[in-house]
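model.pdb (PDB, C-alpha atoms and all ligand atoms) appears below.
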```
ATOM      1  CA  MET A   1     -54.784 169.748  86.829  1.00  0.00           C
ATOM      2  CA  LEU A   2     -56.592 168.838  90.013  1.00  0.00           C
ATOM      3  CA  ILE A   3     -57.057 171.922  92.162  1.00  0.00           C
ATOM      4  CA  HIS A   4     -58.052 172.074  95.809  1.00  0.00           C
ATOM      5  CA  ALA A   5     -58.268 175.875  96.026  1.00  0.00           C
ATOM      6  CA  ILE A   6     -56.709 179.063  94.745  1.00  0.00           C
ATOM      7  CA  PHE A   7     -56.238 181.885  97.259  1.00  0.00           C
ATOM      8  CA  ALA A   8     -55.930 185.128  95.329  1.00  0.00           C
ATOM      9  CA  ALA A   9     -53.895 186.867  97.996  1.00  0.00           C
ATOM     10  CA  SER A  10     -51.962 185.535 100.960  1.00  0.00           C
ATOM     11  CA  ARG A  11     -49.130 186.845 103.121  1.00  0.00           C
ATOM     12  CA  ALA A  12     -48.511 183.511 104.845  1.00  0.00           C
ATOM     13  CA  ASN A  13     -46.873 181.601 101.986  1.00  0.00           C
ATOM     14  CA  GLY A  14     -43.663 183.428 101.136  1.00  0.00           C
ATOM     15  CA  PRO A  15     -42.426 186.988 100.620  1.00  0.00           C
ATOM     16  CA  GLY A  16     -44.999 189.688  99.926  1.00  0.00           C
ATOM     17  CA  MET A  17     -48.536 189.271  98.655  1.00  0.00           C
ATOM     18  CA  ARG A  18     -48.863 186.008  96.753  1.00  0.00           C
ATOM     19  CA  THR A  19     -51.511 183.938  95.047  1.00  0.00           C
ATOM     20  CA  VAL A  20     -51.431 180.388  96.407  1.00  0.00           C
ATOM     21  CA  VAL A  21     -52.345 177.497  94.130  1.00  0.00           C
ATOM     22  CA  PHE A  22     -53.241 174.465  96.240  1.00  0.00           C
ATOM     23  CA  VAL A  23     -53.185 171.347  94.092  1.00  0.00           C
ATOM     24  CA  GLN A  24     -55.429 168.450  95.055  1.00  0.00           C
ATOM     25  CA  GLY A  25     -53.771 165.102  95.691  1.00  0.00           C
ATOM     26  CA  CYS A  26     -50.832 163.853  97.748  1.00  0.00           C
ATOM     27  CA  SER A  27     -49.787 160.262  98.362  1.00  0.00           C
ATOM     28  CA  LEU A  28     -46.900 160.961 100.736  1.00  0.00           C
ATOM     29  CA  GLY A  29     -48.906 160.328 103.897  1.00  0.00           C
ATOM     30  CA  CYS A  30     -47.035 162.416 106.464  1.00  0.00           C
ATOM     31  CA  GLU A  31     -48.466 161.621 109.881  1.00  0.00           C
ATOM     32  CA  PHE A  32     -50.564 164.460 111.357  1.00  0.00           C
ATOM     33  CA  CYS A  33     -50.563 166.431 108.096  1.00  0.00           C
ATOM     34  CA  PHE A  34     -52.996 169.303 108.651  1.00  0.00           C
ATOM     35  CA  ASN A  35     -54.007 169.353 104.957  1.00  0.00           C
ATOM     36  CA  GLY A  36     -55.762 165.979 105.003  1.00  0.00           C
ATOM     37  CA  SER A  37     -58.567 167.180 102.754  1.00  0.00           C
ATOM     38  CA  THR A  38     -56.036 167.681  99.934  1.00  0.00           C
ATOM     39  CA  HIS A  39     -54.821 164.057  99.834  1.00  0.00           C
ATOM     40  CA  ARG A  40     -57.328 162.330  97.549  1.00  0.00           C
ATOM     41  CA  PHE A  41     -56.742 162.586  93.806  1.00  0.00           C
ATOM     42  CA  ARG A  42     -60.322 163.506  93.232  1.00  0.00           C
ATOM     43  CA  GLY A  43     -61.979 166.863  92.772  1.00  0.00           C
ATOM     44  CA  ILE A  44     -62.088 169.856  90.498  1.00  0.00           C
ATOM     45  CA  GLU A  45     -60.029 169.539  87.314  1.00  0.00           C
ATOM     46  CA  VAL A  46     -58.913 172.885  85.899  1.00  0.00           C
ATOM     47  CA  ALA A  47     -56.891 173.509  82.711  1.00  0.00           C
ATOM     48  CA  SER A  48     -53.429 174.894  83.432  1.00  0.00           C
ATOM     49  CA  GLU A  49     -54.265 177.923  81.218  1.00  0.00           C
ATOM     50  CA  ASP A  50     -57.215 178.700  83.490  1.00  0.00           C
ATOM     51  CA  VAL A  51     -55.088 178.398  86.611  1.00  0.00           C
ATOM     52  CA  ALA A  52     -52.616 180.858  85.065  1.00  0.00           C
ATOM     53  CA  GLU A  53     -55.503 183.160  84.133  1.00  0.00           C
ATOM     54  CA  ALA A  54     -56.734 183.168  87.746  1.00  0.00           C
ATOM     55  CA  VAL A  55     -53.268 184.258  88.867  1.00  0.00           C
ATOM     56  CA  ILE A  56     -53.122 186.970  86.200  1.00  0.00           C
ATOM     57  CA  CYS A  57     -56.528 188.307  87.357  1.00  0.00           C
ATOM     58  CA  ALA A  58     -55.339 188.359  90.965  1.00  0.00           C
ATOM     59  CA  HIS A  59     -52.180 190.190  89.878  1.00  0.00           C
ATOM     60  CA  ARG A  60     -54.261 192.822  88.077  1.00  0.00           C
ATOM     61  CA  ASP A  61     -56.312 193.428  91.216  1.00  0.00           C
ATOM     62  CA  ARG A  62     -53.598 193.336  93.825  1.00  0.00           C
ATOM     63  CA  CYS A  63     -50.180 193.757  92.184  1.00  0.00           C
ATOM     64  CA  LEU A  64     -48.760 190.498  93.483  1.00  0.00           C
ATOM     65  CA  GLU A  65     -45.199 189.718  94.405  1.00  0.00           C
ATOM     66  CA  GLY A  66     -45.550 186.135  93.258  1.00  0.00           C
ATOM     67  CA  VAL A  67     -47.213 182.743  93.254  1.00  0.00           C
ATOM     68  CA  THR A  68     -46.726 179.813  95.607  1.00  0.00           C
ATOM     69  CA  PHE A  69     -47.629 176.259  94.650  1.00  0.00           C
ATOM     70  CA  SER A  70     -48.775 174.200  97.600  1.00  0.00           C
ATOM     71  CA  GLY A  71     -51.096 171.317  98.191  1.00  0.00           C
ATOM     72  CA  GLY A  72     -51.500 168.505  98.213  1.00  0.00           C
ATOM     73  CA  GLU A  73     -48.224 167.739  96.525  1.00  0.00           C
ATOM     74  CA  PRO A  74     -47.347 170.028  93.582  1.00  0.00           C
ATOM     75  CA  MET A  75     -44.646 167.699  92.246  1.00  0.00           C
ATOM     76  CA  GLN A  76     -47.235 164.946  91.832  1.00  0.00           C
ATOM     77  CA  GLN A  77     -48.718 167.205  89.147  1.00  0.00           C
ATOM     78  CA  ALA A  78     -45.355 168.539  88.012  1.00  0.00           C
ATOM     79  CA  ASP A  79     -46.202 168.600  84.307  1.00  0.00           C
ATOM     80  CA  SER A  80     -49.203 170.877  84.946  1.00  0.00           C
ATOM     81  CA  VAL A  81     -47.308 173.061  87.422  1.00  0.00           C
ATOM     82  CA  LEU A  82     -44.609 173.631  84.790  1.00  0.00           C
ATOM     83  CA  ALA A  83     -47.271 174.520  82.210  1.00  0.00           C
ATOM     84  CA  VAL A  84     -48.703 177.154  84.594  1.00  0.00           C
ATOM     85  CA  MET A  85     -45.235 178.545  85.288  1.00  0.00           C
ATOM     86  CA  ARG A  86     -44.379 178.833  81.608  1.00  0.00           C
ATOM     87  CA  ARG A  87     -47.613 180.626  80.818  1.00  0.00           C
ATOM     88  CA  LEU A  88     -47.098 183.048  83.687  1.00  0.00           C
ATOM     89  CA  ARG A  89     -43.495 183.713  82.646  1.00  0.00           C
ATOM     90  CA  GLU A  90     -44.804 184.840  79.242  1.00  0.00           C
ATOM     91  CA  ARG A  91     -47.654 186.964  80.555  1.00  0.00           C
ATOM     92  CA  THR A  92     -46.384 188.270  83.915  1.00  0.00           C
ATOM     93  CA  PRO A  93     -42.598 187.921  83.887  1.00  0.00           C
ATOM     94  CA  GLY A  94     -42.099 189.863  87.131  1.00  0.00           C
ATOM     95  CA  LEU A  95     -43.857 187.362  89.404  1.00  0.00           C
ATOM     96  CA  SER A  96     -41.713 185.206  91.636  1.00  0.00           C
ATOM     97  CA  PHE A  97     -42.390 181.490  92.104  1.00  0.00           C
ATOM     98  CA  GLY A  98     -42.298 179.429  95.265  1.00  0.00           C
ATOM     99  CA  MET A  99     -43.311 175.893  96.112  1.00  0.00           C
ATOM    100  CA  PHE A 100     -43.938 173.596  99.071  1.00  0.00           C
ATOM    101  CA  SER A 101     -43.076 169.981  98.295  1.00  0.00           C
ATOM    102  CA  GLY A 102     -42.890 166.973 100.588  1.00  0.00           C
ATOM    103  CA  TYR A 103     -40.108 165.523  98.458  1.00  0.00           C
ATOM    104  CA  THR A 104     -36.485 166.173  99.323  1.00  0.00           C
ATOM    105  CA  GLU A 105     -34.232 167.841  96.802  1.00  0.00           C
ATOM    106  CA  ARG A 106     -32.301 164.588  96.453  1.00  0.00           C
ATOM    107  CA  GLU A 107     -35.467 162.645  95.571  1.00  0.00           C
ATOM    108  CA  LEU A 108     -36.467 165.251  93.020  1.00  0.00           C
ATOM    109  CA  ALA A 109     -32.994 165.413  91.492  1.00  0.00           C
ATOM    110  CA  LYS A 110     -33.037 161.643  90.992  1.00  0.00           C
ATOM    111  CA  GLY A 111     -36.567 161.572  89.601  1.00  0.00           C
ATOM    112  CA  ARG A 112     -37.790 159.638  92.641  1.00  0.00           C
ATOM    113  CA  TYR A 113     -41.278 161.061  92.694  1.00  0.00           C
ATOM    114  CA  VAL A 114     -44.585 160.033  91.176  1.00  0.00           C
ATOM    115  CA  ILE A 115     -46.811 162.071  88.890  1.00  0.00           C
ATOM    116  CA  TRP A 116     -50.547 161.567  88.810  1.00  0.00           C
ATOM    117  CA  ARG A 117     -51.729 159.964  85.542  1.00  0.00           C
ATOM    118  CA  SER A 118     -48.240 160.073  84.033  1.00  0.00           C
ATOM    119  CA  GLU A 119     -45.956 157.364  82.709  1.00  0.00           C
ATOM    120  CA  LEU A 120     -42.820 159.470  82.512  1.00  0.00           C
ATOM    121  CA  LYS A 121     -39.622 157.568  83.181  1.00  0.00           C
ATOM    122  CA  ALA A 122     -37.247 158.551  85.996  1.00  0.00           C
ATOM    123  CA  GLN A 123     -34.889 160.368  83.613  1.00  0.00           C
ATOM    124  CA  GLU A 124     -37.795 162.363  82.205  1.00  0.00           C
ATOM    125  CA  ARG A 125     -38.865 163.273  85.742  1.00  0.00           C
ATOM    126  CA  VAL A 126     -35.306 164.465  86.418  1.00  0.00           C
ATOM    127  CA  ILE A 127     -35.576 166.802  83.415  1.00  0.00           C
ATOM    128  CA  LEU A 128     -39.026 167.956  84.511  1.00  0.00           C
ATOM    129  CA  TRP A 129     -37.762 168.839  87.999  1.00  0.00           C
ATOM    130  CA  LYS A 130     -34.817 170.749  86.489  1.00  0.00           C
ATOM    131  CA  ALA A 131     -37.240 172.765  84.340  1.00  0.00           C
ATOM    132  CA  ILE A 132     -39.403 173.591  87.371  1.00  0.00           C
ATOM    133  CA  ARG A 133     -36.366 174.436  89.489  1.00  0.00           C
ATOM    134  CA  SER A 134     -35.136 176.851  86.811  1.00  0.00           C
ATOM    135  CA  HIS A 135     -38.329 178.889  87.373  1.00  0.00           C
ATOM    136  CA  LEU A 136     -38.426 178.642  91.166  1.00  0.00           C
ATOM    137  CA  ASP A 137     -37.134 181.424  93.381  1.00  0.00           C
ATOM    138  CA  PHE A 138     -37.625 179.373  96.530  1.00  0.00           C
ATOM    139  CA  ALA A 139     -38.959 176.033  97.698  1.00  0.00           C
ATOM    140  CA  VAL A 140     -39.570 174.376 101.052  1.00  0.00           C
ATOM    141  CA  LEU A 141     -38.639 170.716 100.625  1.00  0.00           C
ATOM    142  CA  GLY A 142     -39.114 167.593 102.712  1.00  0.00           C
ATOM    143  CA  ARG A 143     -41.884 165.662 104.480  1.00  0.00           C
ATOM    144  CA  PHE A 144     -43.659 167.153 107.459  1.00  0.00           C
ATOM    145  CA  ASN A 145     -42.347 165.337 110.534  1.00  0.00           C
ATOM    146  CA  HIS A 146     -44.536 165.961 113.571  1.00  0.00           C
ATOM    147  CA  LEU A 147     -41.749 164.668 115.847  1.00  0.00           C
ATOM    148  CA  GLN A 148     -39.577 167.606 114.814  1.00  0.00           C
ATOM    149  CA  PRO A 149     -41.865 170.653 115.049  1.00  0.00           C
ATOM    150  CA  GLY A 150     -40.216 173.784 113.718  1.00  0.00           C
ATOM    151  CA  ASP A 151     -40.771 177.518 113.913  1.00  0.00           C
ATOM    152  CA  GLU A 152     -38.447 178.757 111.165  1.00  0.00           C
ATOM    153  CA  PRO A 153     -40.148 180.764 108.414  1.00  0.00           C
ATOM    154  CA  LEU A 154     -42.274 178.502 106.153  1.00  0.00           C
ATOM    155  CA  ARG A 155     -41.013 175.286 107.763  1.00  0.00           C
ATOM    156  CA  SER A 156     -43.390 173.377 110.000  1.00  0.00           C
ATOM    157  CA  SER A 157     -40.793 170.741 110.869  1.00  0.00           C
ATOM    158  CA  ARG A 158     -37.073 171.106 111.440  1.00  0.00           C
ATOM    159  CA  ASN A 159     -36.070 168.539 108.814  1.00  0.00           C
ATOM    160  CA  GLN A 160     -37.577 170.700 106.059  1.00  0.00           C
ATOM    161  CA  VAL A 161     -35.239 172.872 104.031  1.00  0.00           C
ATOM    162  CA  LEU A 162     -35.808 176.316 102.537  1.00  0.00           C
ATOM    163  CA  ARG A 163     -33.908 176.438  99.238  1.00  0.00           C
ATOM    164  CA  LEU A 164     -33.278 179.683  97.396  1.00  0.00           C
ATOM    165  CA  PHE A 165     -32.827 178.946  93.704  1.00  0.00           C
ATOM    166  CA  SER A 166     -32.442 182.496  92.392  1.00  0.00           C
ATOM    167  CA  GLY A 167     -30.858 185.668  93.704  1.00  0.00           C
ATOM    168  CA  ARG A 168     -34.227 187.336  94.239  1.00  0.00           C
ATOM    169  CA  TYR A 169     -34.577 186.577  97.947  1.00  0.00           C
ATOM    170  CA  SER A 170     -32.438 186.036 100.996  1.00  0.00           C
ATOM    171  CA  GLU A 171     -33.427 184.257 104.238  1.00  0.00           C
ATOM    172  CA  ALA A 172     -34.245 187.671 105.737  1.00  0.00           C
ATOM    173  CA  ASP A 173     -37.124 188.097 103.258  1.00  0.00           C
ATOM    174  CA  PHE A 174     -39.038 185.209 104.855  1.00  0.00           C
ATOM    175  CA  GLU A 175     -41.116 186.339 107.781  1.00  0.00           C
ATOM    176  CA  GLU A 176     -42.194 184.461 110.880  1.00  0.00           C
ATOM    177  CA  GLN A 177     -44.917 181.833 110.605  1.00  0.00           C
ATOM    178  CA  VAL A 178     -48.447 183.222 110.547  1.00  0.00           C
ATOM    179  CA  THR A 179     -51.882 181.682 110.091  1.00  0.00           C
ATOM    180  CA  GLU A 180     -54.557 183.099 107.796  1.00  0.00           C
ATOM    181  CA  VAL A 181     -58.238 182.217 107.629  1.00  0.00           C
ATOM    182  CA  HIS A 182     -59.820 182.859 104.223  1.00  0.00           C
ATOM    183  CA  ILE A 183     -63.628 183.005 104.007  1.00  0.00           C
ATOM    184  CA  ASP A 184     -65.145 182.831 100.548  1.00  0.00           C
ATOM    185  CA  GLN A 185     -68.421 184.377  99.373  1.00  0.00           C
ATOM    186  CA  SER A 186     -70.374 181.261 100.371  1.00  0.00           C
ATOM    187  CA  GLY A 187     -69.006 181.488 103.906  1.00  0.00           C
ATOM    188  CA  LEU A 188     -66.640 178.535 103.503  1.00  0.00           C
ATOM    189  CA  ALA A 189     -63.537 179.053 105.622  1.00  0.00           C
ATOM    190  CA  GLU A 190     -60.087 177.704 104.734  1.00  0.00           C
ATOM    191  CA  VAL A 191     -56.937 178.003 106.778  1.00  0.00           C
ATOM    192  CA  THR A 192     -53.471 178.555 105.349  1.00  0.00           C
ATOM    193  CA  GLY A 193     -50.118 179.194 106.915  1.00  0.00           C
ATOM    194  CA  PHE A 194     -48.908 177.559 110.085  1.00  0.00           C
ATOM    195  CA  PRO A 195     -51.609 176.753 112.652  1.00  0.00           C
ATOM    196  CA  THR A 196     -49.069 175.495 115.184  1.00  0.00           C
ATOM    197  CA  LEU A 197     -51.579 175.749 118.032  1.00  0.00           C
ATOM    198  CA  GLY A 198     -54.130 173.679 116.108  1.00  0.00           C
ATOM    199  CA  LEU A 199     -56.934 174.614 113.759  1.00  0.00           C
ATOM    200  CA  PRO A 200     -59.319 177.319 115.006  1.00  0.00           C
ATOM    201  CA  PHE A 201     -62.380 175.146 114.164  1.00  0.00           C
TER     202      PHE A 201
HETATM  203  S1  LIG A 301     -46.422 166.144 101.652  1.00  0.00           S
HETATM  204 FE1  LIG A 301     -47.598 167.867 102.489  1.00  0.00          FE
HETATM  205  S2  LIG A 301     -49.750 167.477 101.894  1.00  0.00           S
HETATM  206 FE2  LIG A 301     -48.606 165.573 101.594  1.00  0.00          FE
HETATM  207  S3  LIG A 301     -48.945 164.411 103.494  1.00  0.00           S
HETATM  208 FE3  LIG A 301     -46.995 165.534 103.719  1.00  0.00          FE
HETATM  209  S4  LIG A 301     -47.539 167.478 104.701  1.00  0.00           S
HETATM  210 FE4  LIG A 301     -49.433 166.566 103.916  1.00  0.00          FE
END
```
Could you render the structure from this file as structure tokens?
Ligand code: SF4
Amino acid sequence: MLIHAIFAASRANGPGMRTVVFVQGCSLGCEFCFNGSTHRFRGIEVASEDVAEAVICAHRDRCLEGVTFSGGEPMQQADSVLAVMRRLRERTPGLSFGMFSGYTERELAKGRYVIWRSELKAQERVILWKAIRSHLDFAVLGRFNHLQPGDEPLRSSRNQVLRLFSGRYSEADFEEQVTEVHIDQSGLAEVTGFPTLGLPF
């Protein structure tokens, strides 16, 4: 799968300490998206087993609550996301799963989404979404709409919906929007969370 970045530990992307897997590639084109560098389907290709292994390593070090898939658009690499989920379910069954997707639940339920380098038919995409949904504890769904800025937990615009697919969490488990700046060993800084006042650089 095409990966933009993996943050081993974040508190800005769902309940508790979570690894965040940012996929690379999104064709949805929301105006004023602040993740523009994740849009092109070009970059580092990583086997789904290796993505799962990175999460397992992070869990060993930090005793994670879960994993959040973000992007880019995770559902445009849905087959790989499901492969990562299945591997993690086998190896680390206690982790929770969350996802940010620009698609609405209705679009996903009808298979109205595209998958990078895939020729699956709509009915097969419906089945794929159902399989992913069966693993998800929560998802934030819907395009970012800059005309409807929002301050609810995890939702940067008011049209977006937080769906709870399992009994693991309630709305009260989702904390207010925060912004994190991650700086890697080379000094490269990446921002995650909700920079509602603009990026710091
Ligand atoms: S779906 Fe997400 S990554 Fe894609 S353009 Fe919209 S806000 Fe940006």
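Selection check: the PyMOL selection byres (((chain A and resi 164-175) around 7) and not hetatm) on the shown file gives A:Gly14, A:Pro15, A:Leu136, A:Asp137, A:Phe138, A:Ala139, A:Pro153, A:Leu162, A:Arg163, A:Glu176, A:Gln177.
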Would you list the residues that come within 6 Å of ligand LIG 301 (chain A)? Count only C-alpha atoms and all ligand atoms and give the answer as a PDB file with C-alpha atoms, keeping the file's coordinate frame.
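Contents of the output file out19.pdb:
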```
ATOM      1  CA  CYS A  26     -50.832 163.853  97.748  1.00  0.00           C
ATOM      2  CA  LEU A  28     -46.900 160.961 100.736  1.00  0.00           C
ATOM      3  CA  GLY A  29     -48.906 160.328 103.897  1.00  0.00           C
ATOM      4  CA  CYS A  30     -47.035 162.416 106.464  1.00  0.00           C
ATOM      5  CA  CYS A  33     -50.563 166.431 108.096  1.00  0.00           C
ATOM      6  CA  ASN A  35     -54.007 169.353 104.957  1.00  0.00           C
ATOM      7  CA  GLY A  71     -51.096 171.317  98.191  1.00  0.00           C
ATOM      8  CA  GLY A  72     -51.500 168.505  98.213  1.00  0.00           C
ATOM      9  CA  GLU A  73     -48.224 167.739  96.525  1.00  0.00           C
ATOM     10  CA  GLY A 102     -42.890 166.973 100.588  1.00  0.00           C
ATOM     11  CA  ARG A 143     -41.884 165.662 104.480  1.00  0.00           C
ATOM     12  CA  PHE A 144     -43.659 167.153 107.459  1.00  0.00           C
TER      13      PHE A 144
END
```
CA of Val20 (chain A) to CA of Ala5 (chain A), straight-line distance in Å: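 Computing the Euclidean distance for CA of Ala5 (chain A) and CA of Val20 (chain A) yields 8.2 Å.
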Could you spell out the hits of the PyMOL selection byres (((chain A and resi 11) around 12) and not hetatm) on the shown file, as a PyMOL selection string? chain A and resi 7-10+12-20+64-68+154+174-182+192-194
In Å, rounded to a single decimal, give me how far CA of Arg112 (chain A) is from CA of His39 (chain A). 19.0 Å
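The coordinates place CA of Ile6 (chain A) at 12.2 Å from CA of Ile183 (chain A).
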Resolved residues for the PyMOL selection byres (((chain A and resi 107) around 12) and not hetatm) as an NGL selection string: :A and (75 or 101-106 or 108-114 or 122 or 125-126 or 129 or 141-143)
Could you work out an axis-aligned bounding box for all listed atoms of region 70-77 of chain A, with 6 Å added on each of the six sides, and give its centre and edge lengths in Å to one decimal, as lines of an AutoDock Vina configuration file?
```
center_x = -48.1
center_y = 169.6
center_z = 93.7
size_x = 18.9
size_y = 21.3
size_z = 21.1
```
Restricting the calculation to only C-alpha atoms: of A:His135, A:His4, A:Lys121, A:His146, which residue gets closest to Glu190 (chain A)? A:His4
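Considering the residues A:Ile56, A:Cys63, A:Met99, A:Ile132 and counting only C-alpha atoms, Asp79 (chain A) has its shortest atom-to-atom contact with A:Ile132.
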For region 174-196 of chain A in the structure I just supplied, write out N, CA and C atoms - as a CSV table (one decimal), in the first residue's frame.
```csv
chain,number,residue,atom,x,y,z
A,174,PHE,N,-14.4,10.8,23.2
A,174,PHE,CA,-13.7,11.5,22.2
A,174,PHE,C,-13.4,12.9,22.7
A,175,GLU,N,-12.2,13.3,22.8
A,175,GLU,CA,-11.8,14.5,23.5
A,175,GLU,C,-11.8,15.7,22.5
A,176,GLU,N,-11.6,16.9,23.0
A,176,GLU,CA,-11.7,18.1,22.1
A,176,GLU,C,-10.5,18.1,21.1
A,177,GLN,N,-10.7,18.8,20.1
A,177,GLN,CA,-9.7,18.8,19.0
A,177,GLN,C,-8.4,19.4,19.5
A,178,VAL,N,-7.3,18.7,19.2
A,178,VAL,CA,-5.9,19.2,19.5
A,178,VAL,C,-5.1,19.0,18.3
A,179,THR,N,-4.0,19.8,18.3
A,179,THR,CA,-3.0,19.7,17.2
A,179,THR,C,-1.7,19.1,17.8
A,180,GLU,N,-1.1,18.2,17.1
A,180,GLU,CA,0.3,17.7,17.5
A,180,GLU,C,1.3,18.0,16.4
A,181,VAL,N,2.5,18.3,16.7
A,181,VAL,CA,3.6,18.4,15.8
A,181,VAL,C,4.6,17.3,16.1
A,182,HIS,N,4.8,16.4,15.1
A,182,HIS,CA,5.7,15.3,15.3
A,182,HIS,C,7.0,15.6,14.5
A,183,ILE,N,8.2,15.5,15.2
A,183,ILE,CA,9.4,15.8,14.5
A,183,ILE,C,10.2,14.5,14.5
A,184,ASP,N,10.6,14.0,13.3
A,184,ASP,CA,11.3,12.7,13.3
A,184,ASP,C,12.8,13.0,13.5
A,185,GLN,N,13.6,11.8,13.4
A,185,GLN,CA,15.0,11.9,13.8
A,185,GLN,C,15.8,12.8,12.8
A,186,SER,N,15.3,13.0,11.6
A,186,SER,CA,16.0,13.9,10.6
A,186,SER,C,15.6,15.3,10.8
A,187,GLY,N,14.7,15.6,11.7
A,187,GLY,CA,14.2,17.0,11.9
A,187,GLY,C,13.0,17.3,11.1
A,188,LEU,N,12.5,16.4,10.3
A,188,LEU,CA,11.3,16.7,9.5
A,188,LEU,C,10.1,16.8,10.5
A,189,ALA,N,9.3,17.8,10.3
A,189,ALA,CA,8.1,18.0,11.2
A,189,ALA,C,6.9,17.7,10.4
A,190,GLU,N,5.9,17.0,11.0
A,190,GLU,CA,4.6,16.8,10.4
A,190,GLU,C,3.6,17.1,11.5
A,191,VAL,N,2.5,17.7,11.0
A,191,VAL,CA,1.4,18.1,11.9
A,191,VAL,C,0.2,17.1,11.7
A,192,THR,N,-0.4,16.8,12.9
A,192,THR,CA,-1.6,16.0,12.8
A,192,THR,C,-2.6,16.6,13.8
A,193,GLY,N,-3.8,16.2,13.7
A,193,GLY,CA,-4.9,16.7,14.5
A,193,GLY,C,-5.6,17.8,13.8
A,194,PHE,N,-5.9,18.9,14.5
A,194,PHE,CA,-6.9,19.9,13.9
A,194,PHE,C,-6.3,21.3,14.1
A,195,PRO,N,-5.4,21.7,13.1
A,195,PRO,CA,-4.8,23.0,13.2
A,195,PRO,C,-5.8,24.1,12.7
A,196,THR,N,-6.9,24.3,13.5
A,196,THR,CA,-7.9,25.2,13.1
A,196,THR,C,-7.5,26.6,13.0
```
